[in-house]
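Novice: This is run_23.cif (mmCIF, C-alpha atoms and all ligand atoms).
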```
data_final
#
loop_
_atom_site.label_atom_id
_atom_site.label_comp_id
_atom_site.auth_asym_id
_atom_site.auth_seq_id
_atom_site.Cartn_x
_atom_site.Cartn_y
_atom_site.Cartn_z
CA MET L 42 -11.26 -5.28 -1.92
CA LEU L 43 -8.41 -4.56 0.47
CA ILE L 44 -8.40 -0.90 1.43
CA VAL L 45 -5.23 0.37 3.08
CA ALA L 46 -5.66 3.80 4.68
CA ASN L 47 -2.28 5.52 4.57
CA TRP L 48 -2.64 8.30 7.14
CA LYS L 49 0.86 9.60 6.30
CA ALA L 50 1.62 12.52 8.66
CA TYR L 51 -1.90 13.93 8.37
CA VAL L 52 -3.19 12.71 11.76
CA GLU L 53 -1.62 14.27 14.83
CA ASP L 54 -3.87 13.54 17.79
CA GLY L 55 -5.38 10.56 19.54
CA ALA L 56 -8.94 11.84 19.34
CA LYS L 57 -8.88 12.03 15.54
CA ALA L 58 -7.18 8.63 15.33
CA LYS L 59 -9.85 7.06 17.56
CA LYS L 60 -12.61 8.59 15.48
CA LEU L 61 -11.18 7.22 12.23
CA PHE L 62 -10.74 3.78 13.86
CA ALA L 63 -14.33 3.75 15.18
CA THR L 64 -15.62 4.76 11.73
CA SER L 65 -13.57 2.01 10.09
CA LYS L 66 -14.93 -0.66 12.47
CA LYS L 67 -18.49 0.42 11.69
CA LEU L 68 -17.81 0.44 7.94
CA LYS L 69 -16.21 -2.99 8.13
CA SER L 70 -19.26 -4.44 9.86
CA THR L 71 -21.63 -3.26 7.13
CA HIS L 72 -19.56 -3.36 3.93
CA ARG L 73 -17.53 -5.91 2.02
CA SER L 74 -14.09 -4.29 1.89
CA ASP L 75 -11.33 -5.29 4.29
CA ILE L 76 -9.84 -2.25 5.99
CA VAL L 77 -6.23 -1.78 7.06
CA LEU L 78 -5.20 1.41 8.86
CA ALA L 79 -1.65 2.76 8.60
CA PRO L 80 -1.36 5.46 11.29
CA PRO L 81 1.84 7.20 12.43
CA GLY L 82 3.73 4.77 14.74
CA PRO L 83 2.69 5.92 18.23
CA LEU L 84 -0.96 6.19 17.17
CA LEU L 85 -0.74 2.70 15.67
CA GLY L 86 0.48 1.42 19.04
CA MET L 87 -2.36 3.18 20.83
CA LEU L 88 -5.06 1.73 18.58
CA ALA L 89 -3.69 -1.70 17.72
CA MET L 90 -2.39 -2.85 21.10
CA ASN L 91 -5.64 -4.47 22.28
CA ASN L 92 -7.45 -4.56 18.95
CA LYS L 93 -10.11 -7.26 18.85
CA SER L 94 -11.85 -5.97 15.73
CA SER L 95 -11.43 -7.15 12.16
CA VAL L 96 -9.86 -3.85 11.13
CA ALA L 97 -6.13 -4.52 10.76
CA PHE L 98 -3.07 -2.27 11.04
CA ALA L 99 -0.04 -1.50 8.88
CA ALA L 100 3.20 0.27 9.70
CA GLN L 101 3.93 3.09 7.24
CA ASP L 102 7.56 1.96 7.07
CA VAL L 103 10.00 -0.23 9.03
CA SER L 104 13.65 0.25 9.84
CA SER L 105 16.23 -1.25 7.51
CA THR L 106 18.36 -1.97 10.59
CA THR L 107 18.23 -4.85 13.03
CA GLY L 108 18.27 -2.68 16.13
CA GLY L 109 20.74 -1.66 18.79
CA ALA L 110 22.32 1.79 18.82
CA LYS L 111 20.13 3.29 16.07
CA THR L 112 18.43 6.38 17.52
CA GLY L 113 15.04 7.08 16.01
CA GLU L 114 14.66 3.79 14.16
CA VAL L 115 11.51 1.68 14.65
CA LEU L 116 12.01 -2.01 13.99
CA ALA L 117 9.58 -4.33 12.22
CA SER L 118 9.47 -6.38 15.44
CA VAL L 119 8.19 -3.35 17.39
CA TYR L 120 5.31 -2.88 14.96
CA ALA L 121 4.55 -6.59 15.06
CA ASN L 122 4.61 -6.55 18.88
CA VAL L 123 2.09 -3.73 19.14
CA GLY L 124 -0.37 -5.36 16.76
CA ALA L 125 0.50 -4.49 13.15
CA THR L 126 -0.18 -7.15 10.52
CA TYR L 127 1.23 -5.35 7.47
CA SER L 128 3.92 -2.82 6.60
CA ILE L 129 4.10 -0.42 3.71
CA VAL L 130 7.63 -0.57 2.24
CA GLY L 131 9.23 1.65 -0.38
CA HIS L 132 6.55 4.33 -0.55
CA SER L 133 7.66 7.02 -3.02
CA GLU L 134 7.71 9.56 -0.18
CA ARG L 135 10.22 7.32 1.70
CA ARG L 136 12.21 6.74 -1.49
CA ALA L 137 12.41 10.55 -1.87
CA MET L 138 13.80 10.66 1.69
CA GLY L 139 16.56 8.17 0.96
CA ASP L 140 15.20 4.64 0.56
CA THR L 141 17.28 2.79 -2.03
CA ASN L 142 16.82 -0.60 -3.68
CA THR L 143 19.15 -2.04 -1.04
CA THR L 144 17.33 -0.57 1.95
CA ILE L 145 13.99 -1.59 0.45
CA THR L 146 15.13 -5.21 0.18
CA GLU L 147 16.37 -5.06 3.79
CA LYS L 148 13.04 -3.64 4.95
CA LEU L 149 11.12 -6.34 3.08
CA SER L 150 13.28 -9.02 4.72
CA HIS L 151 12.87 -7.58 8.23
CA ALA L 152 9.10 -7.20 7.80
CA LEU L 153 8.82 -10.81 6.62
CA ALA L 154 11.10 -12.10 9.38
CA HIS L 155 8.74 -10.63 11.98
CA GLY L 156 5.58 -11.87 10.35
CA LEU L 157 4.47 -8.58 8.80
CA ILE L 158 3.00 -8.73 5.31
CA PRO L 159 4.87 -6.16 3.21
CA ILE L 160 2.98 -3.83 0.90
CA LEU L 161 5.65 -2.90 -1.64
CA CYS L 162 5.04 0.41 -3.41
CA ILE L 163 6.19 0.83 -6.99
CA GLY L 164 5.35 3.47 -9.56
CA GLU L 165 6.80 5.56 -12.35
CA HIS L 166 7.50 9.30 -12.02
CA THR L 167 6.07 10.20 -15.41
CA ARG L 168 4.51 8.57 -18.47
CA ASP L 169 6.20 8.68 -21.86
CA SER L 170 4.99 7.63 -25.29
CA GLU L 171 7.67 4.94 -25.81
CA GLY L 172 6.62 2.84 -22.82
CA LYS L 173 9.79 3.50 -20.81
CA TYR L 174 7.60 3.58 -17.70
CA LEU L 175 6.95 -0.13 -18.22
CA SER L 176 10.66 -0.95 -17.99
CA PHE L 177 10.86 1.26 -14.92
CA ILE L 178 8.10 -0.77 -13.22
CA ARG L 179 9.76 -4.03 -14.26
CA GLU L 180 13.06 -2.83 -12.78
CA GLU L 181 11.49 -1.75 -9.48
CA LEU L 182 9.71 -5.08 -9.08
CA THR L 183 12.70 -7.18 -10.08
CA THR L 184 15.28 -5.40 -7.90
CA ALA L 185 12.99 -5.61 -4.86
CA LEU L 186 11.83 -9.21 -5.24
CA GLU L 187 14.75 -11.05 -6.82
CA PRO L 188 16.97 -11.07 -3.69
CA LEU L 189 14.15 -12.71 -1.69
CA ALA L 190 13.56 -16.45 -1.40
CA PRO L 191 10.85 -17.61 -3.84
CA LYS L 192 8.44 -18.49 -1.03
CA ASP L 193 8.84 -14.99 0.49
CA ARG L 194 8.15 -13.31 -2.86
CA THR L 195 4.65 -14.82 -2.83
CA LYS L 196 3.79 -13.07 0.46
CA ILE L 197 4.28 -9.54 -0.84
CA ILE L 198 1.40 -7.28 -1.78
CA ILE L 199 2.18 -4.88 -4.61
CA ALA L 200 0.84 -1.32 -4.49
CA TYR L 201 1.09 0.37 -7.87
CA GLU L 202 1.30 4.09 -7.16
CA PRO L 203 2.33 6.26 -10.11
CA LEU L 204 3.96 9.35 -8.63
CA TRP L 205 2.22 11.69 -11.07
CA ALA L 206 -1.15 10.66 -9.60
CA ILE L 207 -0.36 10.98 -5.88
CA GLY L 208 -1.89 13.74 -3.75
CA LYS L 209 -4.15 15.22 -6.42
CA THR L 210 -7.87 14.76 -7.02
CA ALA L 211 -9.94 12.02 -8.67
CA THR L 212 -9.76 13.74 -12.06
CA ALA L 213 -5.94 13.52 -12.03
CA ALA L 214 -5.80 9.83 -11.09
CA ILE L 215 -5.16 7.06 -13.57
CA VAL L 216 -8.10 6.17 -15.83
CA PRO L 217 -9.63 2.66 -15.51
CA ALA L 218 -8.39 1.40 -18.91
CA ASP L 219 -4.79 2.40 -18.15
CA LEU L 220 -5.06 0.82 -14.71
CA ALA L 221 -6.27 -2.46 -16.22
CA GLU L 222 -3.28 -2.43 -18.58
CA MET L 223 -0.85 -1.79 -15.70
CA VAL L 224 -2.36 -4.51 -13.52
CA SER L 225 -1.91 -7.08 -16.27
CA TYR L 226 1.64 -5.88 -16.94
CA ILE L 227 2.51 -6.14 -13.22
CA ARG L 228 1.02 -9.64 -13.11
CA LYS L 229 3.05 -10.58 -16.18
CA VAL L 230 6.29 -9.47 -14.49
CA LEU L 231 5.23 -11.20 -11.25
CA GLY L 232 4.71 -14.33 -13.34
CA GLU L 233 8.40 -14.24 -14.22
CA LEU L 234 9.45 -13.81 -10.58
CA LEU L 235 6.97 -16.19 -8.97
CA SER L 236 5.60 -19.51 -10.06
CA GLY L 237 2.61 -19.14 -12.39
CA LYS L 238 0.01 -20.13 -9.83
CA ALA L 239 1.49 -17.96 -7.09
CA SER L 240 1.52 -14.85 -9.27
CA ALA L 241 -2.17 -15.28 -10.03
CA ARG L 242 -2.81 -15.17 -6.28
CA SER L 243 -0.69 -12.06 -5.59
CA LEU L 244 -2.62 -9.01 -4.49
CA VAL L 245 -2.12 -5.86 -6.53
CA LEU L 246 -3.40 -2.54 -5.15
CA TYR L 247 -3.61 0.89 -6.76
CA GLY L 248 -2.82 4.19 -5.02
CA GLY L 249 -2.83 7.80 -6.19
CA SER L 250 -5.81 10.13 -5.69
CA VAL L 251 -8.35 7.42 -4.97
CA GLU L 252 -11.45 9.27 -3.81
CA PRO L 253 -15.16 8.40 -3.45
CA GLU L 254 -15.69 9.73 -7.00
CA ASN L 255 -13.37 7.32 -8.81
CA ALA L 256 -13.03 4.27 -6.54
CA PHE L 257 -15.87 2.26 -8.01
CA LEU L 258 -14.88 2.72 -11.66
CA LEU L 259 -11.22 2.04 -10.90
CA ALA L 260 -12.19 -1.17 -9.13
CA LYS L 261 -14.58 -2.39 -11.81
CA ASP L 262 -12.94 -4.59 -14.48
CA SER L 263 -9.36 -3.43 -13.80
CA GLY L 264 -8.29 -6.63 -12.02
CA ILE L 265 -7.15 -4.65 -8.99
CA ASN L 266 -7.48 -6.22 -5.52
CA GLY L 267 -7.76 -3.00 -3.55
CA PHE L 268 -6.48 0.51 -2.95
CA LEU L 269 -3.86 2.38 -0.97
CA VAL L 270 -5.67 5.57 -0.04
CA GLY L 271 -3.89 8.68 1.24
CA HIS L 272 -5.68 12.01 1.76
CA ALA L 273 -9.20 10.60 1.36
CA SER L 274 -8.55 8.12 4.19
CA VAL L 275 -8.18 10.78 6.89
CA ASP L 276 -11.44 12.55 6.12
CA VAL L 277 -14.25 10.67 7.89
CA SER L 278 -16.94 11.50 5.34
CA ALA L 279 -14.76 10.92 2.26
CA PHE L 280 -13.47 7.60 3.62
CA SER L 281 -16.98 6.44 4.51
CA ALA L 282 -18.29 7.37 1.05
CA LEU L 283 -15.36 5.59 -0.60
CA ILE L 284 -15.96 2.32 1.29
CA LYS L 285 -19.72 2.55 0.68
CA ASN L 286 -19.21 3.10 -3.05
CA LEU L 287 -17.27 -0.17 -3.23
CA GLY L 288 -20.28 -2.09 -1.97
P1 LIG P 1 -3.18 10.00 -2.14
O1 LIG P 1 -1.94 9.18 -1.58
O2 LIG P 1 -4.40 9.12 -2.03
O3 LIG P 1 -3.27 11.21 -1.25
O4 LIG P 1 -2.88 10.34 -3.56
C1 LIG P 1 -1.78 7.82 -1.88
C2 LIG P 1 -0.46 7.35 -1.33
O5 LIG P 1 0.54 8.09 -1.47
O6 LIG P 1 -0.36 6.27 -0.76
#
```
What would the structure in this file look like if it were written as structure tokens?
Specialist:
Amino acid sequence: MLIVANWKAYVEDGAKAKKLFATSKKLKSTHRSDIVLAPPGPLLGMLAMNNKSSVAFAAQDVSSTTGGAKTGEVLASVYANVGATYSIVGHSERRAMGDTNTTITEKLSHALAHGLIPILCIGEHTRDSEGKYLSFIREELTTALEPLAPKDRTKIIIAYEPLWAIGKTATAAIVPADLAEMVSYIRKVLGELLSGKASARSLVLYGGSVEPENAFLLAKDSGINGFLVGHASVDVSAFSALIKNLG
């Protein structure tokens, strides 16, 4: 399992960041999951710069620009230069702050151009009984991936994060049977955008109230390759329990 810890804007100081990093290194040495930390930018630089461990790092976002006179923007190349391996792109919280299909495609291209593996977030706002949420997911995947070269499409990790399940508790998250259905639907759509063999190799993650209580059951039999974990990833004991529960 690939566990991406999305620290969002929850972690503010270096001491807390160092503690979470040390905990992750220990967990990685004794458990099977691969751990990727996505701290706020400056903290990522602090931790990842001389990282020799097998815990990897992800940017939470990258700029859609290519640099120059763009105050406040952080380029994909900067994250790559300070030691990030991945970048989250198109998180619903970034989409709510202005990311569009166009900027998301630009961000994916910049991340790929600088060797970062993009983790593309998709997810419906609500569920309806006519299955409109399925067309919504198809649309999000297609508009993001279609402009990319076929070989680049194969490098992208998909994080399925239904908005209705984000930032709640385990009881409000998706149930395992519905997750299994979504994973096979996403793989079906990926099969249309990628060659058959490549889509079978794509990694699909789930995010939205993954906690120690539901991680194991969500992982079991759903076909998921890992999780994007928000609030439970910045609590040392919850994150430790979550990784331990996955074996
Ligand atoms: P959550 O966040 O685990 O707090 O629901 C997940 C995410 O938004 O990536």
Novice: Check which residues fall inside 10 Å of ligand LIG 1 (chain P) when counting only C-alpha atoms and all ligand atoms, and print them as JSON, numbers by chain.
Specialist: {"L": [45, 46, 47, 48, 49, 101, 129, 132, 133, 134, 162, 200, 201, 202, 203, 204, 205, 206, 207, 208, 209, 210, 211, 213, 214, 247, 248, 249, 250, 251, 252, 268, 269, 270, 271, 272, 273, 274, 275]}
Novice: Can you work out the spacing between CA of Ala121 (chain L) and CA of Ala89 (chain L) in Å, to one decimal?
Specialist: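 If I compute the distance from CA of Ala121 (chain L) to CA of Ala89 (chain L), I get 9.9 Å.
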Novice: Select, counting only C-alpha atoms, all protein, DNA and RNA residues no farther than 7 Å from (-14.4, 4.7, -13.8) in file coordinates, and express the selection as number ranges by chain.
Specialist: L: 216-217, 255, 257-259
Novice: Counting all atoms listed in the file, which residue out of L:Thr112, L:Thr71, L:Ser240, L:Thr141 sits closest to Gly288 (chain L)?
Specialist: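 Checking each candidate against Gly288 (chain L), we get L:Thr71 as the closest.
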Novice: Residues near Pro191 (chain L), anyone? I mean within 9 Å using all atoms listed in the file, not counting same-chain ones fewer than 4 positions away, as a list of chain:residue names.
Specialist: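 The residues satisfying every condition are L:Leu186, L:Glu187, L:Thr195, L:Leu234, L:Leu235, L:Ser236.
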Novice: Counting all atoms listed in the file, figure out which residue out of L:Ile44, L:Leu161, L:Ile145, L:Val245 gets nearest to Lys285 (chain L).
Specialist: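 With all atoms listed in the file as the atom set, the closest residue is L:Ile44.
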Novice: For each of L:Thr106, L:Ile158, L:Ala239, L:Ile215, take the minimum atom-to-atom distance to Lys192 (chain L), counting all atoms listed in the file, then give the residue where this is smallest.
Specialist: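 The closest residue to Lys192 (chain L) is L:Ala239.
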Novice: Which one is closest to Glu147 (chain L): L:Pro188, L:Pro80, L:Pro253, L:Gly264? Count only C-alpha atoms.
Specialist: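 For Glu147 (chain L), the nearest of the given residues is L:Pro188.
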Novice: In terms of the shortest atom-to-atom distance over only C-alpha atoms, which of L:Leu61, L:Ala56, L:Ala256, L:Ala79 is closest to Ile284 (chain L)?
Specialist: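 Between L:Leu61, L:Ala56, L:Ala256, L:Ala79, the residue approaching Ile284 (chain L) most closely is L:Ala256.
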Novice: Of the residues L:Lys60, L:Ala190, L:Thr146, L:Ile199, which is the one nearest to Gly164 (chain L), using all atoms listed in the file?
Specialist: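 With all atoms listed in the file as the atom set, the closest residue is L:Ile199.
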Novice: Would you mind listing what lies within 10 Å of Met223 (chain L) as a PyMOL selection string, with all atoms listed in the file counted and same-chain residues fewer than 2 positions away left out?
Specialist: chain L and resi 175+178+201+217-221+225-229+247+263-265
